[in-house]
file work.pdb (PDB, C-alpha atoms, pLDDT in the B column)
ATOM      1  CA  MET Y   1     -11.879  39.925  56.921  1.00 55.00           C
ATOM      2  CA  ALA Y   2     -11.190  36.228  56.364  1.00 55.00           C
ATOM      3  CA  GLN Y   3      -9.963  35.288  52.903  1.00 58.00           C
ATOM      4  CA  THR Y   4     -11.633  32.525  50.956  1.00 57.00           C
ATOM      5  CA  PRO Y   5      -9.153  29.653  50.634  1.00 57.00           C
ATOM      6  CA  THR Y   6      -7.931  28.996  47.101  1.00 53.00           C
ATOM      7  CA  PRO Y   7      -9.260  25.648  45.883  1.00 55.00           C
ATOM      8  CA  ARG Y   8      -6.548  23.095  45.330  1.00 57.00           C
ATOM      9  CA  THR Y   9      -6.514  20.138  43.031  1.00 54.00           C
ATOM     10  CA  SER Y  10      -6.844  16.986  45.063  1.00 73.00           C
ATOM     11  CA  LYS Y  11      -3.826  14.706  45.278  1.00 77.00           C
ATOM     12  CA  PRO Y  12      -5.557  11.770  43.530  1.00 79.00           C
ATOM     13  CA  LEU Y  13      -6.494  14.020  40.607  1.00 81.00           C
ATOM     14  CA  ARG Y  14      -2.958  15.408  40.381  1.00 80.00           C
ATOM     15  CA  ARG Y  15      -1.561  11.890  40.364  1.00 78.00           C
ATOM     16  CA  LEU Y  16      -4.019  10.915  37.635  1.00 79.00           C
ATOM     17  CA  LEU Y  17      -3.038  13.911  35.502  1.00 81.00           C
ATOM     18  CA  LEU Y  18       0.646  13.178  36.027  1.00 78.00           C
ATOM     19  CA  ARG Y  19       0.196   9.549  35.006  1.00 77.00           C
ATOM     20  CA  GLY Y  20      -1.684  10.678  31.920  1.00 74.00           C
ATOM     21  CA  LEU Y  21       1.142  13.024  30.937  1.00 75.00           C
ATOM     22  CA  TRP Y  22       3.725  10.287  31.448  1.00 76.00           C
ATOM     23  CA  ALA Y  23       1.633   7.879  29.374  1.00 68.00           C
ATOM     24  CA  LEU Y  24       1.305  10.450  26.587  1.00 69.00           C
ATOM     25  CA  ALA Y  25       5.045  11.136  26.662  1.00 70.00           C
ATOM     26  CA  GLY Y  26       5.738   7.405  26.517  1.00 68.00           C
ATOM     27  CA  LEU Y  27       3.387   6.992  23.553  1.00 63.00           C
ATOM     28  CA  VAL Y  28       5.047   9.858  21.671  1.00 64.00           C
ATOM     29  CA  LEU Y  29       8.480   8.380  22.394  1.00 64.00           C
ATOM     30  CA  ALA Y  30       7.394   4.901  21.250  1.00 62.00           C
ATOM     31  CA  ILE Y  31       5.915   6.256  17.999  1.00 57.00           C
ATOM     32  CA  THR Y  32       9.058   8.317  17.351  1.00 63.00           C
ATOM     33  CA  LEU Y  33      11.351   5.335  17.917  1.00 59.00           C
ATOM     34  CA  TRP Y  34       9.125   3.113  15.762  1.00 57.00           C
ATOM     35  CA  TYR Y  35       9.067   5.608  12.895  1.00 60.00           C
ATOM     36  CA  PHE Y  36      12.788   6.350  12.874  1.00 62.00           C
ATOM     37  CA  TRP Y  37      13.964   2.815  13.678  1.00 68.00           C
ATOM     38  CA  PRO Y  38      16.401   1.842  10.911  1.00 70.00           C
ATOM     39  CA  CYS Y  39      15.492  -0.929   8.488  1.00 77.00           C
ATOM     40  CA  ALA Y  40      17.829  -3.758   7.596  1.00 76.00           C
ATOM     41  CA  ALA Y  41      18.830  -4.207   3.974  1.00 72.00           C
ATOM     42  CA  PRO Y  42      16.305  -6.178   1.860  1.00 78.00           C
ATOM     43  CA  GLU Y  43      16.963  -9.898   1.572  1.00 77.00           C
ATOM     44  CA  VAL Y  44      16.870  -9.601  -2.229  1.00 83.00           C
ATOM     45  CA  ALA Y  45      19.153  -7.233  -4.138  1.00 78.00           C
ATOM     46  CA  LEU Y  46      18.182  -5.161  -7.152  1.00 80.00           C
ATOM     47  CA  PRO Y  47      19.832  -6.245 -10.419  1.00 80.00           C
ATOM     48  CA  THR Y  48      22.956  -4.387 -11.512  1.00 71.00           C
ATOM     49  CA  GLN Y  49      21.734  -4.404 -15.123  1.00 66.00           C
ATOM     50  CA  THR Y  50      18.309  -4.657 -16.711  1.00 60.00           C
ATOM     51  CA  ASN Y  51      18.991  -7.663 -18.957  1.00 62.00           C
ATOM     52  CA  GLY Y  52      16.934 -10.608 -17.768  1.00 66.00           C
ATOM     53  CA  GLY Y  53      15.089  -8.599 -15.105  1.00 80.00           C
ATOM     54  CA  ARG Y  54      11.378  -7.935 -14.692  1.00 90.00           C
ATOM     55  CA  ARG Y  55       9.919  -4.452 -14.903  1.00 92.00           C
ATOM     56  CA  LEU Y  56       7.520  -3.338 -12.192  1.00 94.00           C
ATOM     57  CA  TYR Y  57       5.369  -0.231 -12.636  1.00 95.00           C
ATOM     58  CA  VAL Y  58       4.541   1.908  -9.598  1.00 95.00           C
ATOM     59  CA  ILE Y  59       1.458   4.087 -10.152  1.00 96.00           C
ATOM     60  CA  GLN Y  60       0.751   7.087  -7.918  1.00 93.00           C
ATOM     61  CA  GLN Y  61      -3.056   7.305  -8.054  1.00 92.00           C
ATOM     62  CA  ASN Y  62      -3.630  10.436  -5.972  1.00 89.00           C
ATOM     63  CA  LEU Y  63      -3.363   9.093  -2.394  1.00 90.00           C
ATOM     64  CA  HIS Y  64      -3.135   5.453  -3.505  1.00 94.00           C
ATOM     65  CA  THR Y  65      -0.257   3.371  -4.889  1.00 96.00           C
ATOM     66  CA  GLY Y  66      -0.824   0.618  -7.439  1.00 97.00           C
ATOM     67  CA  LEU Y  67       1.654  -1.951  -8.777  1.00 98.00           C
ATOM     68  CA  ALA Y  68       1.619  -3.363 -12.309  1.00 97.00           C
ATOM     69  CA  TRP Y  69       3.648  -5.588 -14.614  1.00 96.00           C
ATOM     70  CA  ALA Y  70       3.566  -7.168 -18.061  1.00 95.00           C
ATOM     71  CA  ARG Y  71       1.825 -10.522 -18.022  1.00 93.00           C
ATOM     72  CA  THR Y  72       3.830 -13.635 -18.935  1.00 90.00           C
ATOM     73  CA  ASP Y  73       3.495 -17.411 -18.752  1.00 84.00           C
ATOM     74  CA  ASP Y  74       5.992 -17.580 -15.890  1.00 84.00           C
ATOM     75  CA  ALA Y  75       5.021 -20.030 -13.150  1.00 83.00           C
ATOM     76  CA  THR Y  76       5.285 -17.301 -10.506  1.00 84.00           C
ATOM     77  CA  GLU Y  77       2.251 -15.601 -12.100  1.00 87.00           C
ATOM     78  CA  SER Y  78       0.056 -18.689 -12.457  1.00 88.00           C
ATOM     79  CA  TRP Y  79      -2.173 -17.552  -9.587  1.00 91.00           C
ATOM     80  CA  ILE Y  80      -3.240 -14.546 -11.679  1.00 90.00           C
ATOM     81  CA  ASN Y  81      -4.698 -16.795 -14.395  1.00 87.00           C
ATOM     82  CA  GLU Y  82      -7.121 -18.316 -11.893  1.00 88.00           C
ATOM     83  CA  LEU Y  83      -8.423 -14.928 -10.744  1.00 92.00           C
ATOM     84  CA  LEU Y  84      -8.170 -12.955 -13.994  1.00 89.00           C
ATOM     85  CA  PRO Y  85      -8.872 -15.285 -16.944  1.00 86.00           C
ATOM     86  CA  GLU Y  86      -9.141 -12.464 -19.510  1.00 88.00           C
ATOM     87  CA  PRO Y  87      -6.019 -12.433 -21.751  1.00 88.00           C
ATOM     88  CA  MET Y  88      -4.946  -8.882 -20.895  1.00 93.00           C
ATOM     89  CA  PRO Y  89      -1.255  -8.068 -21.525  1.00 95.00           C
ATOM     90  CA  TYR Y  90      -0.761  -6.169 -18.249  1.00 96.00           C
ATOM     91  CA  VAL Y  91      -1.853  -6.701 -14.647  1.00 96.00           C
ATOM     92  CA  GLU Y  92      -2.326  -4.018 -11.987  1.00 97.00           C
ATOM     93  CA  VAL Y  93      -3.023  -4.647  -8.304  1.00 97.00           C
ATOM     94  CA  GLY Y  94      -3.976  -2.413  -5.412  1.00 97.00           C
ATOM     95  CA  TRP Y  95      -4.850  -3.062  -1.780  1.00 97.00           C
ATOM     96  CA  GLY Y  96      -7.033  -1.008   0.558  1.00 95.00           C
ATOM     97  CA  ASP Y  97      -9.828  -0.705   3.096  1.00 94.00           C
ATOM     98  CA  ARG Y  98     -12.799  -2.791   1.951  1.00 94.00           C
ATOM     99  CA  ALA Y  99     -15.523  -0.255   2.785  1.00 92.00           C
ATOM    100  CA  TYR Y 100     -13.649   2.728   1.343  1.00 91.00           C
ATOM    101  CA  TYR Y 101     -11.809   1.119  -1.593  1.00 92.00           C
ATOM    102  CA  PHE Y 102     -14.311  -1.503  -2.737  1.00 92.00           C
ATOM    103  CA  ALA Y 103     -17.704  -0.252  -1.495  1.00 88.00           C
ATOM    104  CA  ASN Y 104     -16.898   3.452  -2.155  1.00 87.00           C
ATOM    105  CA  ASP Y 105     -17.985   4.501   1.345  1.00 85.00           C
ATOM    106  CA  ARG Y 106     -16.663   8.075   1.481  1.00 80.00           C
ATOM    107  CA  SER Y 107     -18.557   9.171   4.596  1.00 84.00           C
ATOM    108  CA  LEU Y 108     -16.772  11.096   7.342  1.00 84.00           C
ATOM    109  CA  TRP Y 109     -17.270   8.136   9.669  1.00 85.00           C
ATOM    110  CA  SER Y 110     -15.635   5.788   7.174  1.00 81.00           C
ATOM    111  CA  ILE Y 111     -12.643   8.084   6.763  1.00 81.00           C
ATOM    112  CA  ALA Y 112     -12.252   8.558  10.525  1.00 83.00           C
ATOM    113  CA  ARG Y 113     -12.672   4.828  11.149  1.00 85.00           C
ATOM    114  CA  LEU Y 114     -10.032   3.673   8.704  1.00 79.00           C
ATOM    115  CA  LEU Y 115      -7.446   5.891  10.413  1.00 83.00           C
ATOM    116  CA  VAL Y 116      -7.659   4.203  13.819  1.00 85.00           C
ATOM    117  CA  VAL Y 117      -9.841   1.075  13.637  1.00 90.00           C
ATOM    118  CA  PRO Y 118      -8.457  -2.099  11.981  1.00 92.00           C
ATOM    119  CA  SER Y 119     -10.947  -3.051   9.265  1.00 93.00           C
ATOM    120  CA  PRO Y 120     -11.378  -5.744   6.579  1.00 95.00           C
ATOM    121  CA  SER Y 121      -9.348  -5.144   3.427  1.00 96.00           C
ATOM    122  CA  ALA Y 122      -9.683  -5.857  -0.291  1.00 97.00           C
ATOM    123  CA  LEU Y 123      -7.319  -6.493  -3.190  1.00 98.00           C
ATOM    124  CA  GLN Y 124      -8.189  -5.258  -6.677  1.00 97.00           C
ATOM    125  CA  ILE Y 125      -6.724  -7.242  -9.581  1.00 96.00           C
ATOM    126  CA  ALA Y 126      -7.090  -5.473 -12.926  1.00 96.00           C
ATOM    127  CA  GLY Y 127      -6.231  -6.554 -16.445  1.00 95.00           C
ATOM    128  CA  LEU Y 128      -4.982  -3.665 -18.585  1.00 95.00           C
ATOM    129  CA  PRO Y 129      -5.100  -3.599 -22.403  1.00 94.00           C
ATOM    130  CA  LEU Y 130      -2.265  -1.058 -22.548  1.00 94.00           C
ATOM    131  CA  SER Y 131       0.992  -0.322 -20.813  1.00 95.00           C
ATOM    132  CA  PRO Y 132       0.345   1.328 -17.409  1.00 95.00           C
ATOM    133  CA  ARG Y 133       2.087   4.487 -18.566  1.00 92.00           C
ATOM    134  CA  LYS Y 134      -0.472   4.774 -21.405  1.00 94.00           C
ATOM    135  CA  PHE Y 135      -3.503   3.485 -19.508  1.00 95.00           C
ATOM    136  CA  PHE Y 136      -3.179   5.788 -16.501  1.00 94.00           C
ATOM    137  CA  SER Y 137      -3.029   9.575 -16.456  1.00 91.00           C
ATOM    138  CA  ASP Y 138      -1.238   9.405 -13.107  1.00 92.00           C
ATOM    139  CA  PRO Y 139       2.541   9.531 -12.554  1.00 92.00           C
ATOM    140  CA  VAL Y 140       4.102   6.137 -13.306  1.00 92.00           C
ATOM    141  CA  ALA Y 141       7.565   5.072 -12.196  1.00 91.00           C
ATOM    142  CA  THR Y 142       9.314   1.915 -13.333  1.00 89.00           C
ATOM    143  CA  ILE Y 143      11.895  -0.224 -11.613  1.00 89.00           C
ATOM    144  CA  GLU Y 144      13.734  -3.323 -12.753  1.00 89.00           C
ATOM    145  CA  LEU Y 145      13.625  -6.287 -10.373  1.00 91.00           C
ATOM    146  CA  SER Y 146      15.666  -9.453 -10.504  1.00 91.00           C
ATOM    147  CA  PRO Y 147      13.746 -12.661 -11.307  1.00 92.00           C
ATOM    148  CA  VAL Y 148      14.130 -13.664  -7.651  1.00 93.00           C
ATOM    149  CA  GLY Y 149      12.864 -10.281  -6.477  1.00 94.00           C
ATOM    150  CA  PHE Y 150       9.912 -10.344  -8.871  1.00 94.00           C
ATOM    151  CA  ALA Y 151       8.954 -13.828  -7.665  1.00 95.00           C
ATOM    152  CA  ALA Y 152       9.110 -12.553  -4.064  1.00 95.00           C
ATOM    153  CA  VAL Y 153       6.733  -9.706  -4.952  1.00 96.00           C
ATOM    154  CA  GLN Y 154       4.324 -12.207  -6.531  1.00 96.00           C
ATOM    155  CA  ARG Y 155       4.381 -14.393  -3.411  1.00 96.00           C
ATOM    156  CA  PHE Y 156       3.734 -11.374  -1.201  1.00 97.00           C
ATOM    157  CA  ILE Y 157       0.745 -10.234  -3.281  1.00 97.00           C
ATOM    158  CA  ARG Y 158      -0.669 -13.766  -3.477  1.00 96.00           C
ATOM    159  CA  ALA Y 159      -0.358 -14.133   0.303  1.00 96.00           C
ATOM    160  CA  THR Y 160      -2.495 -11.001   0.693  1.00 96.00           C
ATOM    161  CA  LEU Y 161      -5.540 -12.898  -0.608  1.00 96.00           C
ATOM    162  CA  THR Y 162      -7.667 -14.966   1.713  1.00 94.00           C
ATOM    163  CA  THR Y 163      -7.570 -18.758   1.312  1.00 90.00           C
ATOM    164  CA  PRO Y 164      -9.484 -19.779  -0.696  1.00 92.00           C
ATOM    165  CA  PRO Y 165      -9.845 -16.552  -2.710  1.00 94.00           C
ATOM    166  CA  GLU Y 166     -13.170 -14.836  -1.984  1.00 95.00           C
ATOM    167  CA  PRO Y 167     -14.568 -12.664  -4.828  1.00 95.00           C
ATOM    168  CA  LEU Y 168     -16.227  -9.436  -3.698  1.00 96.00           C
ATOM    169  CA  GLY Y 169     -17.348  -7.869  -6.967  1.00 95.00           C
ATOM    170  CA  ALA Y 170     -16.350  -5.922 -10.053  1.00 93.00           C
ATOM    171  CA  GLY Y 171     -13.369  -3.589  -9.950  1.00 94.00           C
ATOM    172  CA  LYS Y 172     -13.053   0.076 -10.830  1.00 92.00           C
ATOM    173  CA  TYR Y 173     -11.625  -0.066 -14.371  1.00 90.00           C
ATOM    174  CA  GLY Y 174     -10.524  -2.404 -17.127  1.00 81.00           C
ATOM    175  CA  SER Y 175     -11.153  -6.101 -16.598  1.00 89.00           C
ATOM    176  CA  SER Y 176     -10.900  -5.950 -12.826  1.00 94.00           C
ATOM    177  CA  ARG Y 177     -12.264  -7.695  -9.755  1.00 95.00           C
ATOM    178  CA  PHE Y 178     -12.057  -7.226  -6.018  1.00 97.00           C
ATOM    179  CA  TYR Y 179     -11.130 -10.053  -3.659  1.00 97.00           C
ATOM    180  CA  ALA Y 180     -11.176 -10.315   0.118  1.00 97.00           C
ATOM    181  CA  ALA Y 181      -7.709  -9.739   1.532  1.00 97.00           C
ATOM    182  CA  ALA Y 182      -5.617  -9.645   4.687  1.00 92.00           C
ATOM    183  CA  PRO Y 183      -4.250  -8.200   6.901  1.00 92.00           C
ATOM    184  CA  ALA Y 184      -6.645  -5.640   8.336  1.00 94.00           C
ATOM    185  CA  TYR Y 185      -6.413  -2.082   7.029  1.00 94.00           C
ATOM    186  CA  VAL Y 186      -5.613   0.702   9.489  1.00 91.00           C
ATOM    187  CA  GLY Y 187      -4.039   4.153   9.337  1.00 88.00           C
ATOM    188  CA  TRP Y 188      -0.528   3.001  10.169  1.00 89.00           C
ATOM    189  CA  TYR Y 189      -0.714   0.087   7.706  1.00 93.00           C
ATOM    190  CA  ASN Y 190      -2.483   1.500   4.678  1.00 94.00           C
ATOM    191  CA  CYS Y 191      -2.456   0.967   0.915  1.00 95.00           C
ATOM    192  CA  ASN Y 192       0.891   2.735   0.519  1.00 96.00           C
ATOM    193  CA  THR Y 193       2.502   0.835   3.390  1.00 96.00           C
ATOM    194  CA  TRP Y 194       1.371  -2.381   1.716  1.00 97.00           C
ATOM    195  CA  ALA Y 195       2.793  -1.310  -1.665  1.00 97.00           C
ATOM    196  CA  ALA Y 196       6.068  -0.306  -0.001  1.00 95.00           C
ATOM    197  CA  GLU Y 197       6.279  -3.714   1.662  1.00 95.00           C
ATOM    198  CA  ALA Y 198       5.773  -5.392  -1.709  1.00 96.00           C
ATOM    199  CA  LEU Y 199       8.570  -3.265  -3.194  1.00 95.00           C
ATOM    200  CA  ARG Y 200      10.850  -4.149  -0.307  1.00 94.00           C
ATOM    201  CA  HIS Y 201      10.222  -7.851  -0.936  1.00 94.00           C
ATOM    202  CA  GLY Y 202      11.448  -7.176  -4.473  1.00 93.00           C
ATOM    203  CA  GLY Y 203      14.693  -5.619  -3.235  1.00 92.00           C
ATOM    204  CA  VAL Y 204      13.855  -1.896  -3.117  1.00 91.00           C
ATOM    205  CA  PRO Y 205      15.647  -0.396  -0.083  1.00 89.00           C
ATOM    206  CA  LEU Y 206      12.900   1.419   1.800  1.00 89.00           C
ATOM    207  CA  CYS Y 207      11.176   1.229   5.196  1.00 89.00           C
ATOM    208  CA  PRO Y 208       7.491   0.349   4.747  1.00 88.00           C
ATOM    209  CA  HIS Y 209       6.515   1.642   8.194  1.00 86.00           C
ATOM    210  CA  ARG Y 210       7.498   5.158   7.083  1.00 86.00           C
ATOM    211  CA  MET Y 211       5.475   5.108   3.857  1.00 90.00           C
ATOM    212  CA  PHE Y 212       2.011   6.514   4.550  1.00 90.00           C
ATOM    213  CA  PHE Y 213       1.473   8.534   1.350  1.00 92.00           C
ATOM    214  CA  ALA Y 214       1.833   7.676  -2.335  1.00 93.00           C
ATOM    215  CA  SER Y 215       4.006  10.756  -2.825  1.00 91.00           C
ATOM    216  CA  GLN Y 216       6.490   9.402  -0.264  1.00 92.00           C
ATOM    217  CA  ILE Y 217       7.008   6.245  -2.300  1.00 93.00           C
ATOM    218  CA  ARG Y 218       7.440   8.217  -5.511  1.00 89.00           C
ATOM    219  CA  GLN Y 219       9.956  10.582  -3.926  1.00 88.00           C
ATOM    220  CA  HIS Y 220      11.838   7.635  -2.441  1.00 86.00           C
ATOM    221  CA  LEU Y 221      12.061   5.948  -5.828  1.00 87.00           C
ATOM    222  CA  LEU Y 222      13.279   9.176  -7.422  1.00 82.00           C
ATOM    223  CA  LYS Y 223      15.910   9.504  -4.728  1.00 77.00           C
ATOM    224  CA  PHE Y 224      17.234   6.099  -5.721  1.00 69.00           C
ATOM    225  CA  ALA Y 225      17.414   7.216  -9.364  1.00 55.00           C
ATOM    226  CA  VAL Y 226      14.466   5.182 -10.570  1.00 47.00           C
ATOM    227  CA  ARG Y 227      13.422   6.690 -13.883  1.00 45.00           C
ATOM    228  CA  LEU Y 228      10.057   8.452 -13.880  1.00 44.00           C
ATOM    229  CA  LEU Y 229       8.184   7.685 -17.088  1.00 45.00           C
ATOM    230  CA  PRO Y 230       5.650   9.960 -18.810  1.00 43.00           C
ATOM    231  CA  SER Y 231       2.069   8.759 -18.779  1.00 34.00           C
ATOM    232  CA  PHE Y 232      -0.940   9.580 -20.944  1.00 30.00           C
ATOM    233  CA  ARG Y 233      -4.657   9.743 -20.318  1.00 34.00           C
ATOM    234  CA  HIS Y 234      -6.305   6.472 -21.339  1.00 35.00           C
ATOM    235  CA  ALA Y 235      -9.508   6.031 -23.273  1.00 34.00           C
ATOM    236  CA  PRO Y 236     -12.426   4.694 -21.182  1.00 37.00           C
ATOM    237  CA  VAL Y 237     -12.410   0.916 -21.018  1.00 37.00           C
ATOM    238  CA  PRO Y 238     -15.689  -0.835 -20.122  1.00 36.00           C
ATOM    239  CA  SER Y 239     -15.691  -3.093 -17.085  1.00 36.00           C
ATOM    240  CA  PRO Y 240     -16.696  -6.715 -17.605  1.00 35.00           C
TER     241      PRO Y 240
END

call {"tool": "encode", "arguments": {"input": "work.pdb", "output": "structure tokens"}}
result
Amino acid sequence: MAQTPTPRTSKPLRRLLLRGLWALAGLVLAITLWYFWPCAAPEVALPTQTNGGRRLYVIQQNLHTGLAWARTDDATESWINELLPEPMPYVEVGWGDRAYYFANDRSLWSIARLLVVPSPSALQIAGLPLSPRKFFSDPVATIELSPVGFAAVQRFIRATLTTPPEPLGAGKYGSSRFYAAAPAYVGWYNCNTWAAEALRHGGVPLCPHRMFFASQIRQHLLKFAVRLLPSFRHAPVPSP
């Protein structure tokens, strides 16, 4: 009795599958090399002593990282006065996806989109009436930057805004506002990557392209013996 021949995958299909596997392997290799590629030392060094330096607060807000500092009349901070005229003693900034961070779009589509699709971003600038460690109930770390490093952080944050600055609306807490920002937000360059890049501009030795989660930044700062400060739950502060 004649046997039914076993169906075989056609040669074009086999070649297509093989090319797909090679492409996938190449993508995995490229991502691995990109992630583990060593970073050069920051152009700015951290101060060897705290005298004369500027303190920067790093706030771990669940999955988000915010940066804050005490407000002064220094020329490097003059851009803040134009965007936040209220005389608050502290300033906090955070960057993120415009639909998710500013418009509070928490749909599954929004979450899936921000992981893979570059999208418009927003910068929140908030005036705080109290020290960040008292205002926020989240973990707050502090690091001393040199005046040069602090000025570099200010330039980096200012460059995140569009030109001219485009107001989007009220912020989430305190005297805060959202502004249109750049670059585009995407999964591999998210709010924590942005915060890590700002820290690196200030002299903190870390690789921004490896910082996807707020907890990674906090653990990295702890590893470099940055003192973790206690924080306390703040009283509700009305938005303007």

call {"tool": "closest_residue", "arguments": {"input": "work.pdb", "among": "Y:Gln124, Y:Asn81, Y:Thr65, Y:Ser10", "to": "Lys172 (chain Y)", "atoms": "all atoms listed in the file"}}
result
Y:Gln124

call {"tool": "atom_distance", "arguments": {"input": "work.pdb", "atom1": "CA of Thr160 (chain Y)", "atom2": "CA of Leu67 (chain Y)"}}
result
13.7 Å

call {"tool": "closest_residue", "arguments": {"input": "work.pdb", "among": "Y:Leu221, Y:Ala75, Y:Val204, Y:Val116", "to": "Ser146 (chain Y)", "atoms": "all atoms listed in the file"}}
result
Y:Val204

call {"tool": "resolve_selection", "arguments": {"input": "work.pdb", "expression": "the PyMOL selection byres ((chain Y and resi 119) around 12)", "output": "VMD selection string"}}
result
chain Y and resid 96 to 101 110 to 118 120 to 122 180 to 187 189 to 190

call {"tool": "closest_residue", "arguments": {"input": "work.pdb", "among": "Y:Pro139, Y:Pro38, Y:Pro129, Y:Gly66", "to": "Pro89 (chain Y)", "atoms": "all atoms listed in the file"}}
result
Y:Pro129

call {"tool": "atom_distance", "arguments": {"input": "work.pdb", "atom1": "CA of Gln60 (chain Y)", "atom2": "CA of Ala214 (chain Y)"}}
result
5.7 Å

call {"tool": "closest_residue", "arguments": {"input": "work.pdb", "among": "Y:Ile217, Y:Ala25, Y:Val91, Y:Leu46", "to": "Gly203 (chain Y)", "atoms": "all atoms listed in the file"}}
result
Y:Leu46

call {"tool": "atom_distance", "arguments": {"input": "work.pdb", "atom1": "CA of Leu63 (chain Y)", "atom2": "CA of Trp194 (chain Y)"}}
result
13.1 Å

call {"tool": "closest_residue", "arguments": {"input": "work.pdb", "among": "Y:Trp79, Y:Phe156, Y:Trp69, Y:Trp109", "to": "Arg200 (chain Y)", "atoms": "all atoms listed in the file"}}
result
Y:Phe156

call {"tool": "closest_residue", "arguments": {"input": "work.pdb", "among": "Y:Ser107, Y:Thr162, Y:Ser176, Y:Gln154", "to": "Gly202 (chain Y)", "atoms": "only C-alpha atoms"}}
result
Y:Gln154

call {"tool": "residues_around", "arguments": {"input": "work.pdb", "residues": "Phe178 (chain Y)", "least_positions_apart": "6", "cutoff": "8 Å", "atoms": "all atoms listed in the file", "output": "ChimeraX atom specification"}}
result
/Y:102,122-125,167-171

call {"tool": "resolve_selection", "arguments": {"input": "work.pdb", "expression": "the PyMOL selection byres ((chain Y and resi 130) around 10)", "output": "mmCIF file with C-alpha atoms, in the coordinates of the input"}}
result
data_model
loop_
_atom_site.group_PDB
_atom_site.id
_atom_site.type_symbol
_atom_site.label_atom_id
_atom_site.label_comp_id
_atom_site.auth_asym_id
_atom_site.auth_seq_id
_atom_site.Cartn_x
_atom_site.Cartn_y
_atom_site.Cartn_z
ATOM 1 C CA ALA Y 70 3.566 -7.168 -18.061
ATOM 2 C CA MET Y 88 -4.946 -8.882 -20.895
ATOM 3 C CA PRO Y 89 -1.255 -8.068 -21.525
ATOM 4 C CA TYR Y 90 -0.761 -6.169 -18.249
ATOM 5 C CA VAL Y 91 -1.853 -6.701 -14.647
ATOM 6 C CA GLY Y 127 -6.231 -6.554 -16.445
ATOM 7 C CA LEU Y 128 -4.982 -3.665 -18.585
ATOM 8 C CA PRO Y 129 -5.100 -3.599 -22.403
ATOM 9 C CA SER Y 131 0.992 -0.322 -20.813
ATOM 10 C CA PRO Y 132 0.345 1.328 -17.409
ATOM 11 C CA ARG Y 133 2.087 4.487 -18.566
ATOM 12 C CA LYS Y 134 -0.472 4.774 -21.405
ATOM 13 C CA PHE Y 135 -3.503 3.485 -19.508
ATOM 14 C CA PHE Y 136 -3.179 5.788 -16.501
ATOM 15 C CA GLY Y 174 -10.524 -2.404 -17.127
ATOM 16 C CA HIS Y 234 -6.305 6.472 -21.339
#

call {"tool": "residues_around", "arguments": {"input": "work.pdb", "residues": "Leu199 (chain Y)", "least_positions_apart": "2", "cutoff": "10 Å", "atoms": "all atoms listed in the file", "output": "list in words"}}
result
Pro42, Leu56, Val58, Leu67, Ile143, Leu145, Gly149, Phe150, Ala152, Val153, Phe156, Thr193, Trp194, Ala195, Ala196, Glu197, His201, Gly202, Gly203, Val204, Pro205, Leu206, Cys207, Pro208 and Ile217 of chain Y

call {"tool": "residues_near_point", "arguments": {"input": "work.pdb", "point": "(11.2, -2.9, -16.1)", "cutoff": "8 Å", "atoms": "all atoms listed in the file", "output": "list in words"}}
result
Thr50, Gly53, Arg54, Arg55, Leu56, Tyr57, Thr142, Ile143, Glu144 and Leu145 of chain Y

call {"tool": "build_atoms", "arguments": {"input": "work.pdb", "residues": "region 128-138 of chain Y", "atoms": "N, CA and C atoms", "output": "JSON list (two decimals), in the coordinates of the input"}}
result
[["chain", "number", "residue", "atom", "x", "y", "z"],
["Y", 128, "LEU", "N", -5.09, -4.90, -17.80],
["Y", 128, "LEU", "CA", -4.98, -3.66, -18.58],
["Y", 128, "LEU", "C", -4.67, -3.99, -20.04],
["Y", 129, "PRO", "N", -5.36, -3.35, -20.99],
["Y", 129, "PRO", "CA", -5.10, -3.60, -22.40],
["Y", 129, "PRO", "C", -3.89, -2.84, -22.92],
["Y", 130, "LEU", "N", -3.39, -1.89, -22.14],
["Y", 130, "LEU", "CA", -2.26, -1.06, -22.55],
["Y", 130, "LEU", "C", -1.22, -1.03, -21.45],
["Y", 131, "SER", "N", -0.04, -0.55, -21.81],
["Y", 131, "SER", "CA", 0.99, -0.32, -20.81],
["Y", 131, "SER", "C", 0.47, 0.63, -19.74],
["Y", 132, "PRO", "N", 0.83, 0.43, -18.47],
["Y", 132, "PRO", "CA", 0.34, 1.33, -17.41],
["Y", 132, "PRO", "C", 0.64, 2.79, -17.67],
["Y", 133, "ARG", "N", 1.76, 3.08, -18.31],
["Y", 133, "ARG", "CA", 2.09, 4.49, -18.57],
["Y", 133, "ARG", "C", 1.16, 5.11, -19.62],
["Y", 134, "LYS", "N", 0.50, 4.28, -20.43],
["Y", 134, "LYS", "CA", -0.47, 4.77, -21.40],
["Y", 134, "LYS", "C", -1.90, 4.68, -20.87],
["Y", 135, "PHE", "N", -2.15, 3.70, -20.03],
["Y", 135, "PHE", "CA", -3.50, 3.48, -19.51],
["Y", 135, "PHE", "C", -3.87, 4.52, -18.46],
["Y", 136, "PHE", "N", -2.91, 4.87, -17.60],
["Y", 136, "PHE", "CA", -3.18, 5.79, -16.50],
["Y", 136, "PHE", "C", -2.72, 7.20, -16.85],
["Y", 137, "SER", "N", -3.44, 8.18, -16.33],
["Y", 137, "SER", "CA", -3.03, 9.57, -16.46],
["Y", 137, "SER", "C", -2.19, 10.00, -15.26],
["Y", 138, "ASP", "N", -2.00, 9.11, -14.32],
["Y", 138, "ASP", "CA", -1.24, 9.40, -13.11],
["Y", 138, "ASP", "C", 0.26, 9.21, -13.34]]
